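What's in structure.cif: mmCIF, C-alpha atoms
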```cif
data_protein
#
loop_
_atom_site.label_atom_id
_atom_site.label_comp_id
_atom_site.auth_asym_id
_atom_site.auth_seq_id
_atom_site.Cartn_x
_atom_site.Cartn_y
_atom_site.Cartn_z
CA MET M 1 -2.39 37.28 30.25
CA LYS M 2 0.17 34.67 29.17
CA ARG M 3 -1.45 32.12 31.49
CA LEU M 4 -4.85 32.83 29.94
CA LEU M 5 -3.44 32.41 26.45
CA PHE M 6 -1.78 29.15 27.46
CA ILE M 7 -5.06 27.80 28.88
CA PHE M 8 -6.87 28.92 25.72
CA PHE M 9 -4.46 27.12 23.41
CA VAL M 10 -4.55 23.99 25.58
CA PHE M 11 -8.36 24.12 25.36
CA LEU M 12 -8.21 24.44 21.58
CA SER M 13 -5.77 21.54 21.36
CA VAL M 14 -7.93 19.26 23.50
CA THR M 15 -11.20 20.12 21.81
CA SER M 16 -9.71 19.72 18.34
CA PHE M 17 -8.87 16.14 19.24
CA ALA M 18 -12.21 15.50 20.93
CA GLN M 19 -14.16 15.17 17.70
CA LYS M 20 -14.06 13.07 14.57
CA PHE M 21 -12.65 14.23 11.27
CA PRO M 22 -15.14 16.68 9.71
CA ASN M 23 -16.47 16.69 6.15
CA LEU M 24 -16.40 12.91 5.74
CA ALA M 25 -19.38 10.64 4.92
CA LEU M 26 -21.60 13.58 4.03
CA THR M 27 -23.78 10.99 2.30
CA PRO M 28 -24.09 7.38 3.56
CA PRO M 29 -20.87 5.44 2.83
CA MET M 30 -21.05 2.87 0.03
CA GLY M 31 -18.74 -0.08 -0.39
CA TRP M 32 -18.12 -3.77 0.31
CA ASN M 33 -17.22 -5.70 3.46
CA SER M 34 -15.78 -9.21 3.65
CA TRP M 35 -17.64 -10.55 6.71
CA ASN M 36 -21.11 -11.63 5.51
CA THR M 37 -19.75 -14.06 2.94
CA PHE M 38 -16.19 -14.87 3.93
CA GLN M 39 -15.91 -14.28 7.71
CA THR M 40 -12.19 -14.75 8.46
CA ASN M 41 -11.48 -16.71 5.26
CA ILE M 42 -9.93 -13.72 3.52
CA SER M 43 -6.75 -13.22 1.52
CA GLU M 44 -4.78 -10.73 -0.51
CA LYS M 45 -5.91 -12.38 -3.75
CA LEU M 46 -9.56 -12.24 -2.74
CA VAL M 47 -9.40 -8.54 -1.93
CA LYS M 48 -7.62 -7.71 -5.19
CA ASP M 49 -10.19 -9.74 -7.11
CA ILE M 50 -13.01 -7.88 -5.35
CA ALA M 51 -11.39 -4.55 -6.20
CA ASP M 52 -11.10 -5.57 -9.85
CA VAL M 53 -14.75 -6.65 -9.98
CA MET M 54 -15.97 -3.50 -8.24
CA VAL M 55 -14.58 -1.65 -11.22
CA SER M 56 -15.55 -4.05 -14.03
CA SER M 57 -19.10 -4.67 -12.74
CA GLY M 58 -20.00 -1.01 -12.57
CA MET M 59 -20.16 -1.02 -8.76
CA ARG M 60 -17.54 1.71 -8.46
CA ASP M 61 -19.28 3.88 -11.03
CA ALA M 62 -22.55 3.38 -9.15
CA GLY M 63 -20.91 4.89 -6.03
CA TYR M 64 -19.38 1.96 -4.12
CA THR M 65 -15.95 3.15 -3.06
CA TYR M 66 -14.89 1.43 0.18
CA ILE M 67 -13.41 -2.07 0.41
CA VAL M 68 -13.40 -2.99 4.09
CA LEU M 69 -11.52 -6.00 5.43
CA ASP M 70 -13.36 -7.31 8.46
CA ASP M 71 -12.14 -9.57 11.27
CA GLY M 72 -9.24 -11.94 10.62
CA TRP M 73 -6.82 -9.80 8.63
CA MET M 74 -4.16 -9.73 11.34
CA ALA M 75 -1.85 -12.29 12.87
CA LYS M 76 -2.82 -13.88 16.19
CA GLU M 77 -0.15 -11.94 18.09
CA ARG M 78 1.26 -8.41 18.00
CA ASP M 79 4.95 -8.02 17.17
CA ALA M 80 7.75 -7.29 19.67
CA ASN M 81 6.94 -3.58 19.54
CA GLY M 82 3.26 -4.14 20.19
CA ASN M 83 2.16 -3.43 16.64
CA LEU M 84 -0.58 -5.29 14.82
CA VAL M 85 0.79 -7.43 11.99
CA ALA M 86 -0.99 -8.52 8.85
CA ASP M 87 -1.30 -12.30 8.65
CA PRO M 88 1.79 -13.21 6.57
CA VAL M 89 0.06 -16.17 4.90
CA LYS M 90 -3.16 -14.40 3.99
CA PHE M 91 -1.52 -11.06 3.15
CA PRO M 92 2.12 -11.62 2.21
CA SER M 93 2.55 -8.14 0.73
CA GLY M 94 1.16 -6.37 3.80
CA MET M 95 -1.60 -3.84 4.29
CA ARG M 96 0.12 -0.79 2.80
CA ALA M 97 0.74 -2.57 -0.51
CA LEU M 98 -2.88 -3.73 -0.55
CA ALA M 99 -4.07 -0.19 0.16
CA ASP M 100 -1.95 1.08 -2.72
CA TYR M 101 -3.52 -1.49 -5.07
CA ILE M 102 -7.03 -0.51 -4.01
CA HIS M 103 -6.34 3.20 -4.27
CA ALA M 104 -4.92 2.74 -7.76
CA LYS M 105 -8.35 1.40 -8.77
CA GLY M 106 -10.01 4.63 -7.67
CA LEU M 107 -11.34 2.93 -4.52
CA LYS M 108 -10.79 3.38 -0.79
CA PHE M 109 -9.57 0.92 1.82
CA GLY M 110 -10.88 0.05 5.27
CA LEU M 111 -9.89 -2.24 8.14
CA TYR M 112 -11.54 -3.72 11.22
CA ASN M 113 -10.67 -3.96 14.86
CA CYS M 114 -12.40 -4.10 18.20
CA ALA M 115 -12.60 -1.97 21.34
CA GLY M 116 -11.94 -5.00 23.55
CA THR M 117 -8.91 -7.09 24.36
CA GLN M 118 -9.68 -9.41 21.45
CA THR M 119 -11.77 -9.15 18.31
CA CYS M 120 -14.95 -11.20 17.99
CA ALA M 121 -12.97 -13.92 16.19
CA GLY M 122 -10.15 -13.95 18.76
CA TYR M 123 -7.52 -11.76 17.12
CA PRO M 124 -5.71 -8.91 18.96
CA GLY M 125 -8.09 -6.15 20.01
CA THR M 126 -7.24 -2.49 20.48
CA ARG M 127 -7.84 -2.00 24.21
CA GLY M 128 -4.77 -0.22 25.58
CA TYR M 129 -3.29 0.25 22.10
CA GLU M 130 -5.64 2.91 20.71
CA TYR M 131 -3.06 5.55 19.82
CA GLN M 132 -0.49 3.02 18.60
CA ASP M 133 -3.05 1.32 16.37
CA ALA M 134 -4.32 4.64 15.03
CA ARG M 135 -0.79 5.58 13.97
CA LEU M 136 -0.41 2.20 12.30
CA TYR M 137 -3.66 2.65 10.35
CA ALA M 138 -2.47 6.07 9.22
CA SER M 139 0.79 4.51 8.01
CA PHE M 140 -1.25 1.93 6.07
CA ASP M 141 -3.12 4.84 4.44
CA ILE M 142 -6.53 3.41 5.23
CA ASP M 143 -9.70 5.45 4.76
CA TYR M 144 -12.22 3.66 7.00
CA LEU M 145 -12.15 1.89 10.35
CA LYS M 146 -14.90 -0.45 11.55
CA PHE M 147 -14.61 -0.75 15.33
CA ASP M 148 -16.44 -3.67 16.99
CA TRP M 149 -17.52 -4.33 20.61
CA CYS M 150 -16.44 -7.85 21.67
CA ASN M 151 -14.48 -8.76 24.82
CA THR M 152 -15.11 -5.39 26.44
CA ASP M 153 -15.65 -6.28 30.11
CA GLY M 154 -14.82 -3.36 32.39
CA ILE M 155 -15.05 -0.55 29.86
CA THR M 156 -17.88 1.70 28.75
CA ALA M 157 -18.83 2.12 25.12
CA LYS M 158 -19.03 5.90 25.11
CA GLU M 159 -15.54 6.36 26.57
CA ALA M 160 -13.96 3.55 24.52
CA TYR M 161 -15.22 4.96 21.23
CA LYS M 162 -14.35 8.53 22.19
CA THR M 163 -10.80 7.38 22.97
CA MET M 164 -10.42 5.70 19.58
CA SER M 165 -11.90 8.72 17.83
CA LYS M 166 -9.35 10.98 19.53
CA ALA M 167 -6.54 8.57 18.63
CA LEU M 168 -7.49 8.66 14.94
CA LYS M 169 -7.60 12.45 15.04
CA VAL M 170 -4.17 12.64 16.66
CA ALA M 171 -2.73 10.25 14.03
CA GLY M 172 -3.75 12.84 11.46
CA LYS M 173 -5.05 10.71 8.58
CA PRO M 174 -8.72 11.45 7.78
CA ILE M 175 -10.55 8.16 8.38
CA VAL M 176 -14.27 7.40 8.39
CA PHE M 177 -15.00 5.95 11.83
CA SER M 178 -17.70 3.24 11.97
CA LEU M 179 -18.94 2.34 15.45
CA CYS M 180 -20.05 -1.31 15.50
CA GLU M 181 -21.46 -1.32 19.04
CA TRP M 182 -24.78 -3.05 18.07
CA GLY M 183 -26.98 -0.32 19.57
CA GLY M 184 -26.96 -1.59 23.16
CA ASN M 185 -25.64 1.70 24.54
CA LYS M 186 -27.81 3.90 22.30
CA PRO M 187 -24.93 5.44 20.32
CA TRP M 188 -27.37 7.65 18.40
CA LEU M 189 -27.59 9.76 21.58
CA TRP M 190 -23.85 10.48 21.83
CA ALA M 191 -21.91 9.30 18.78
CA ALA M 192 -22.50 12.12 16.30
CA GLU M 193 -19.35 13.90 17.50
CA VAL M 194 -17.40 10.64 17.81
CA GLY M 195 -17.94 8.77 14.55
CA HIS M 196 -19.54 8.97 11.13
CA LEU M 197 -21.91 6.00 11.48
CA TRP M 198 -23.04 3.72 14.28
CA ARG M 199 -24.75 0.35 14.33
CA THR M 200 -28.30 0.50 15.61
CA THR M 201 -28.92 -3.26 15.87
CA GLY M 202 -27.28 -6.61 16.30
CA ASP M 203 -25.99 -8.47 13.24
CA ILE M 204 -28.12 -9.05 10.18
CA TYR M 205 -28.61 -12.37 8.40
CA ALA M 206 -30.02 -13.20 4.96
CA GLY M 207 -33.60 -13.75 6.05
CA TRP M 208 -36.86 -11.91 5.48
CA ALA M 209 -38.54 -12.26 8.89
CA GLY M 210 -37.75 -13.35 12.44
CA THR M 211 -34.37 -14.05 14.02
CA LYS M 212 -31.67 -16.67 13.62
CA ASN M 213 -30.45 -18.41 16.76
CA ASN M 214 -26.65 -18.61 16.87
CA GLY M 215 -26.40 -20.05 20.36
CA SER M 216 -25.21 -17.24 22.60
CA TRP M 217 -26.65 -14.56 20.31
CA SER M 218 -29.30 -14.07 17.64
CA ALA M 219 -29.08 -12.40 14.24
CA ASN M 220 -31.84 -10.21 12.86
CA SER M 221 -33.81 -10.52 9.65
CA VAL M 222 -34.35 -7.66 7.21
CA THR M 223 -37.87 -6.80 8.38
CA ARG M 224 -37.01 -7.13 12.06
CA ILE M 225 -34.29 -4.53 11.58
CA ILE M 226 -36.62 -2.24 9.63
CA GLU M 227 -39.09 -2.34 12.52
CA SER M 228 -36.54 -0.79 14.87
CA GLN M 229 -35.38 2.12 12.70
CA ASP M 230 -38.31 4.50 12.46
CA SER M 231 -37.79 6.15 15.88
CA LEU M 232 -34.12 6.90 15.18
CA ARG M 233 -34.47 9.15 12.14
CA LYS M 234 -33.93 12.42 13.99
CA TYR M 235 -30.37 11.37 14.86
CA ALA M 236 -29.20 10.80 11.27
CA GLY M 237 -27.86 13.32 8.78
CA PRO M 238 -24.83 14.33 6.72
CA GLY M 239 -21.70 13.02 8.43
CA HIS M 240 -23.56 10.96 11.08
CA TRP M 241 -25.67 7.99 10.03
CA ASN M 242 -27.73 5.27 11.65
CA ASP M 243 -26.33 1.93 10.45
CA PRO M 244 -28.77 -1.01 10.37
CA ASP M 245 -25.88 -3.31 9.31
CA MET M 246 -24.53 -4.47 5.98
CA LEU M 247 -26.46 -5.60 2.93
CA GLU M 248 -27.37 -9.25 2.40
CA VAL M 249 -28.36 -8.74 -1.26
CA GLY M 250 -27.20 -11.74 -3.26
CA ASN M 251 -26.74 -13.97 -0.23
CA GLY M 252 -29.68 -16.35 -0.57
CA MET M 253 -32.95 -14.48 -0.24
CA LYS M 254 -35.48 -14.24 -3.08
CA VAL M 255 -34.84 -11.59 -5.72
CA SER M 256 -37.96 -9.73 -4.57
CA GLU M 257 -36.69 -9.75 -0.98
CA ASP M 258 -33.28 -8.53 -2.09
CA ARG M 259 -34.96 -5.72 -4.00
CA ALA M 260 -37.08 -4.73 -1.00
CA HIS M 261 -34.08 -4.97 1.35
CA PHE M 262 -32.01 -2.67 -0.86
CA ALA M 263 -34.86 -0.21 -1.44
CA MET M 264 -35.54 0.12 2.27
CA TRP M 265 -31.86 0.62 3.14
CA CYS M 266 -31.87 3.42 0.57
CA MET M 267 -35.01 4.92 2.09
CA LEU M 268 -33.46 4.71 5.57
CA ALA M 269 -30.38 6.67 4.43
CA ALA M 270 -28.37 3.66 5.60
CA PRO M 271 -24.76 2.95 4.63
CA LEU M 272 -24.78 0.68 1.57
CA ILE M 273 -22.08 -1.88 2.33
CA ALA M 274 -22.47 -4.91 0.09
CA GLY M 275 -21.69 -8.28 1.67
CA ASN M 276 -21.96 -10.72 -1.22
CA ASP M 277 -19.31 -12.39 -3.37
CA LEU M 278 -19.08 -9.81 -6.14
CA ARG M 279 -17.10 -12.21 -8.32
CA HIS M 280 -20.09 -14.53 -8.76
CA MET M 281 -23.16 -12.32 -8.41
CA SER M 282 -26.14 -12.89 -10.67
CA ALA M 283 -27.40 -10.37 -13.18
CA GLU M 284 -30.39 -9.72 -10.88
CA THR M 285 -28.11 -9.00 -7.91
CA ARG M 286 -25.94 -6.67 -9.95
CA GLU M 287 -29.02 -4.86 -11.26
CA ILE M 288 -30.34 -4.30 -7.74
CA LEU M 289 -27.02 -3.12 -6.32
CA THR M 290 -26.26 -0.73 -9.19
CA ASN M 291 -29.71 0.80 -9.74
CA LYS M 292 -28.70 4.45 -9.88
CA GLU M 293 -32.24 5.78 -9.47
CA VAL M 294 -32.64 3.93 -6.17
CA ILE M 295 -29.10 4.77 -5.03
CA ALA M 296 -29.80 8.46 -5.69
CA VAL M 297 -32.51 8.31 -3.01
CA ASN M 298 -29.96 6.96 -0.53
CA GLN M 299 -27.31 9.49 -1.52
CA ASP M 300 -29.61 12.50 -1.49
CA ALA M 301 -27.72 15.49 -0.10
CA LEU M 302 -30.52 16.46 2.29
CA GLY M 303 -29.67 13.37 4.34
CA ILE M 304 -33.16 12.78 5.74
CA GLN M 305 -34.09 9.27 6.86
CA ALA M 306 -37.50 7.94 5.82
CA TYR M 307 -40.41 7.54 8.20
CA LYS M 308 -43.31 5.10 8.23
CA TYR M 309 -46.38 7.02 7.11
CA ALA M 310 -49.06 4.33 7.18
CA VAL M 311 -49.78 0.58 7.28
CA ALA M 312 -52.69 -1.12 5.47
CA ASP M 313 -53.15 -4.81 4.58
CA SER M 314 -49.52 -5.63 5.45
CA VAL M 315 -48.29 -2.86 3.13
CA GLU M 316 -46.19 -0.20 4.82
CA THR M 317 -45.90 3.26 3.24
CA TRP M 318 -42.55 4.92 3.86
CA ILE M 319 -41.76 8.53 2.95
CA LYS M 320 -38.33 10.12 2.46
CA PRO M 321 -38.10 13.88 1.79
CA LEU M 322 -35.41 14.77 -0.75
CA LYS M 323 -33.71 17.93 -1.96
CA ASN M 324 -35.34 20.12 -4.63
CA ASN M 325 -38.80 19.61 -3.10
CA GLU M 326 -38.88 15.96 -4.17
CA VAL M 327 -40.23 13.06 -2.12
CA ALA M 328 -39.50 9.33 -2.37
CA ILE M 329 -42.31 6.95 -1.40
CA CYS M 330 -41.83 3.22 -0.91
CA PHE M 331 -44.71 0.77 -0.56
CA LEU M 332 -43.32 -2.30 1.25
CA ASN M 333 -45.38 -5.51 1.13
CA ARG M 334 -44.42 -7.70 4.08
CA SER M 335 -47.07 -10.34 3.43
CA ALA M 336 -46.86 -13.65 1.58
CA ASN M 337 -49.41 -12.52 -1.01
CA PRO M 338 -49.49 -9.71 -3.60
CA GLN M 339 -51.35 -6.66 -2.35
CA LYS M 340 -53.18 -3.98 -4.28
CA ILE M 341 -52.73 -0.39 -3.19
CA ASN M 342 -55.00 2.55 -3.85
CA PHE M 343 -53.31 5.66 -2.48
CA ASN M 344 -55.56 8.70 -2.71
CA TRP M 345 -53.24 11.70 -2.76
CA LYS M 346 -55.89 14.20 -1.72
CA GLU M 347 -56.59 12.20 1.42
CA HIS M 348 -52.92 11.82 2.32
CA PRO M 349 -51.15 15.13 2.88
CA ILE M 350 -47.47 14.82 3.76
CA LYS M 351 -46.31 16.60 6.88
CA ASP M 352 -42.79 16.07 8.20
CA ASP M 353 -41.59 18.47 10.89
CA LEU M 354 -38.02 17.11 10.76
CA SER M 355 -37.43 18.15 7.15
CA LYS M 356 -40.04 20.94 7.16
CA THR M 357 -41.86 19.17 4.32
CA TYR M 358 -45.54 20.02 4.00
CA ILE M 359 -47.53 18.94 0.94
CA ASP M 360 -51.25 19.33 0.39
CA PHE M 361 -52.07 17.57 -2.88
CA ASN M 362 -55.30 19.56 -3.12
CA GLN M 363 -53.20 22.68 -3.63
CA THR M 364 -49.94 21.58 -5.27
CA GLU M 365 -49.32 19.35 -8.30
CA TYR M 366 -46.64 16.70 -8.42
CA LYS M 367 -45.59 14.28 -11.13
CA ILE M 368 -44.85 10.64 -10.39
CA LYS M 369 -41.90 8.53 -11.55
CA ASP M 370 -41.34 4.82 -10.91
CA ILE M 371 -37.86 4.76 -9.39
CA GLU M 372 -37.14 1.14 -10.28
CA THR M 373 -37.88 1.64 -13.99
CA GLY M 374 -37.38 5.37 -14.38
CA LYS M 375 -40.76 5.65 -16.17
CA GLU M 376 -43.24 8.48 -15.64
CA LYS M 377 -46.49 7.42 -13.90
CA GLY M 378 -48.69 10.48 -14.36
CA LYS M 379 -49.57 13.07 -11.74
CA ALA M 380 -50.46 12.94 -8.05
CA LYS M 381 -54.08 13.85 -8.68
CA SER M 382 -56.17 10.74 -8.91
CA ALA M 383 -55.40 7.78 -6.67
CA PHE M 384 -52.16 5.88 -7.26
CA GLU M 385 -52.98 2.27 -7.99
CA ALA M 386 -50.51 -0.61 -8.17
CA THR M 387 -49.99 -4.20 -7.12
CA VAL M 388 -47.05 -4.81 -4.81
CA PRO M 389 -45.74 -8.38 -5.17
CA SER M 390 -45.15 -10.47 -2.09
CA HIS M 391 -42.04 -9.49 -0.11
CA ASP M 392 -41.35 -6.69 -2.56
CA VAL M 393 -41.71 -2.96 -3.05
CA VAL M 394 -43.13 -0.35 -5.36
CA MET M 395 -41.00 2.75 -5.17
CA ILE M 396 -41.90 6.15 -6.66
CA ILE M 397 -40.60 9.68 -6.56
CA LEU M 398 -42.70 12.84 -6.56
CA SER M 399 -41.44 16.00 -8.23
CA LYS M 400 -43.17 19.36 -7.94
CA LEU M 401 -44.60 20.69 -11.22
#
```
Just dump the structure as structure tokens.
Amino acid sequence: MKRLLFIFFVFLSVTSFAQKFPNLALTPPMGWNSWNTFQTNISEKLVKDIADVMVSSGMRDAGYTYIVLDDGWMAKERDANGNLVADPVKFPSGMRALADYIHAKGLKFGLYNCAGTQTCAGYPGTRGYEYQDARLYASFDIDYLKFDWCNTDGITAKEAYKTMSKALKVAGKPIVFSLCEWGGNKPWLWAAEVGHLWRTTGDIYAGWAGTKNNGSWSANSVTRIIESQDSLRKYAGPGHWNDPDMLEVGNGMKVSEDRAHFAMWCMLAAPLIAGNDLRHMSAETREILTNKEVIAVNQDALGIQAYKYAVADSVETWIKPLKNNEVAICFLNRSANPQKINFNWKEHPIKDDLSKTYIDFNQTEYKIKDIETGKEKGKAKSAFEATVPSHDVVMIILSKL
């Protein structure tokens, strides 16, 4: 009997460490990451300035809570005890003091490392130091870990990320675990018990269509990433999200393209991690990033990712079921010209087996609201007519009467 009890408690101990922290990221995480704009050119002053602006700009109040320092925060070598060390020039006060500053602003703090021997920018990776690094992150009081996939010869993604997940659990500090594996090993098939979000693609760049050649690798445009997301929706939900990479809003695309990019990330229930310089963003960028009506679609508690319902004349119709019998619909115009839409509700019933959403507009009445403006647009009886500008969206929400 004692032997059986011992085996039982050992089993409980092992299984408790085999999974991520529960009850985190129940809606897609929102925040800011340093990489898209600054790469490794980061500093203590920059991060404090970003924290200040996240509060003063209304970003925090709109839901952005995480400030994540990407690659380049650490020194080039570990210390004599094998610990990671914050770069003493960039971060003279250290990571714990920076975390305290961020937390005092009502925000949360995240760091980056890599499953390999070195990070993508050549700083010390975590391979062989998983449990030591996890304890260090806990001592820094961080809330989020982005874990990349460079310099990983000889290891498998599934086991490497499971090991780091266990190490974080053993360290005891609840931390959102972001798997940045780029989708090559199909993390959506196995990562729901390991982390809270996983990258589904390679890196994004601030472009509307095509790819950007970076020599040994290519970055993906906004629409190229969107194309690859529709088949993955069944794997997403509260606490486990598909991550099509960070936002490029405010980083050089047209305002219409920024608006469409943000709207579609919200429809896809994607993490909303801004990547622009918040200190110098335009009024248009701020308006896009803090639109609470659009953000509410992303943060909907049902946690259902949108699906592509139809395509006509380069206009894609995407549908996202929401709680309270509501539905968000986004008309995405991928063409270079404005396109008129005429969406006859009675000819377009909505049937989604994943969310158990079934709407026959011949039998049930819905009212229409323009999400971007918050204005009522009548009822879903007669056809919905609108002009979608080039590289832009029209986004509406249906509410049952």
**One-decimal distance in Å that lies between CA of Ser178 (chain M) and CA of Ile226 (chain M)** =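 These two atoms are separated by 19.8 Å.
Residues lying within 12 Å of Asp313 (chain M), counting only C-alpha atoms and ignoring same-chain neighbours fewer than 2 positions away, are Ala310, Val311, Val315, Glu316, Thr317, Phe331, Leu332, Asn333, Arg334, Ser335, Ala336, Asn337, Pro338, Gln339, Lys340, Ile341, Asn342, Val388 and Ser390 of chain M.
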**Answer as JSON, numbers by chain, residues within 10 Å of (-13.9, -1.1, 16.8) using all atoms listed in the file** = {"M": [111, 112, 113, 114, 115, 116, 119, 125, 126, 127, 130, 145, 146, 147, 148, 149, 150, 160, 161, 164, 177, 178, 179, 180, 181]}
**Item:** Who sits within 7 Å of region 279-283 of chain M, all atoms listed in the file, same chain under 4 positions skipped, as a list of chain:residue names
**Value:** M:Ile50, M:Val53, M:Gly250, M:Glu287
**Item:** Shortest interatomic distance to Leu189 (chain M) - which of M:Thr201, M:Thr27, M:Lys158, M:Gly128, counting all atoms listed in the file
**Value:** M:Lys158
**Item:** Hits of the PyMOL selection byres ((chain M and resi 85) around 12) in this structure, as a ChimeraX atom specification
**Value:** /M:72-84,86-96,123-124,133,136-137,140
Explicit residues for the PyMOL selection byres ((chain M and resi 66) around 9) (as a PDB file with C-alpha atoms, in the frame of the given file):
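Below you can see selection.pdb, which holds the result:
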```pdb
ATOM      1  CA  PRO M  29     -20.870   5.440   2.830  1.00  0.00           C
ATOM      2  CA  MET M  30     -21.050   2.870   0.030  1.00  0.00           C
ATOM      3  CA  GLY M  31     -18.740  -0.080  -0.390  1.00  0.00           C
ATOM      4  CA  TRP M  32     -18.120  -3.770   0.310  1.00  0.00           C
ATOM      5  CA  ASN M  33     -17.220  -5.700   3.460  1.00  0.00           C
ATOM      6  CA  TYR M  64     -19.380   1.960  -4.120  1.00  0.00           C
ATOM      7  CA  THR M  65     -15.950   3.150  -3.060  1.00  0.00           C
ATOM      8  CA  ILE M  67     -13.410  -2.070   0.410  1.00  0.00           C
ATOM      9  CA  VAL M  68     -13.400  -2.990   4.090  1.00  0.00           C
ATOM     10  CA  LEU M 107     -11.340   2.930  -4.520  1.00  0.00           C
ATOM     11  CA  LYS M 108     -10.790   3.380  -0.790  1.00  0.00           C
ATOM     12  CA  PHE M 109      -9.570   0.920   1.820  1.00  0.00           C
ATOM     13  CA  GLY M 110     -10.880   0.050   5.270  1.00  0.00           C
ATOM     14  CA  ASP M 143      -9.700   5.450   4.760  1.00  0.00           C
ATOM     15  CA  TYR M 144     -12.220   3.660   7.000  1.00  0.00           C
ATOM     16  CA  ILE M 273     -22.080  -1.880   2.330  1.00  0.00           C
TER      17      ILE M 273
END
```
**Message:** I need the output of the PyMOL selection byres ((chain M and resi 36) around 10) for this file as an NGL selection string; which residues are they?
**Reply:** :M and (32-35 or 37-40 or 70 or 203-206 or 246-248 or 251 or 274-277)
How big is the axis-aligned box, and where does its centre sit, when it encloses all atoms of region 235-247 of chain M listed in the file and has 3 Å added on every side, reported in Å to one decimal as lines of an AutoDock Vina configuration file?
```
center_x = -26.0
center_y = 4.4
center_z = 8.9
size_x = 14.7
size_y = 25.9
size_z = 17.9
```
**Request:** Please identify all polymer residues within 6 Å of Trp318 (chain M), counting all atoms listed in the file, omitting same-chain residues fewer than 3 positions from it, and present them as a PyMOL selection string.
**Result:** chain M and resi 307-309+329-330
For the selection you just gave me, I'd like the residues written to a file as a tab-separated table (two decimals), keeping the file's coordinate frame, keeping C-alpha atoms.
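Done, and the output landed in selection.tsv:
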```tsv
chain	number	residue	atom	x	y	z
M	307	TYR	CA	-40.41	7.54	8.20
M	308	LYS	CA	-43.31	5.10	8.23
M	309	TYR	CA	-46.38	7.02	7.11
M	329	ILE	CA	-42.31	6.95	-1.40
M	330	CYS	CA	-41.83	3.22	-0.91
```
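The two atoms in question, CA of Gly172 (chain M) and CA of Ala138 (chain M), are spaced 7.2 Å apart.
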**Prompt:** CA of Asn298 (chain M) and CA of Gly63 (chain M) are how many Å apart?
**Reply:** 10.8 Å
**Distance criterion (all atoms listed in the file): nearest to Arg286 (chain M) out of M:Asn344, M:Gln118, M:Gln363, M:Ser56** =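 The shortest atom-to-atom distance to Arg286 (chain M) comes from M:Ser56.
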**From M:Tyr101, M:Trp217, M:Trp208, M:Tyr129, residue lying nearest Val255 (chain M) [all atoms listed in the file]** = M:Trp208
**Item:** Within 8 Å of file point (-38.3, 13.1, -7.4), counting only C-alpha atoms, expressed as a PyMOL selection string
**Value:** chain M and resi 322+325-328+368-369+396-400
**Request:** Tell me which of M:Glu293, M:Asp100, M:Asp360, M:Asp258 sits closest to Ala51 (chain M), counting all atoms listed in the file.
**Result:**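 Checking each of M:Glu293, M:Asp100, M:Asp360, M:Asp258 against Ala51 (chain M), counting all atoms listed in the file, the winner is M:Asp100.
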**Item:** Minimum-distance residue to Phe361 (chain M), chosen among M:His348, M:Arg224, M:Arg233, M:Lys186 (using all atoms listed in the file)
**Value:**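 Ranked by minimum distance to Phe361 (chain M), first place goes to M:His348.
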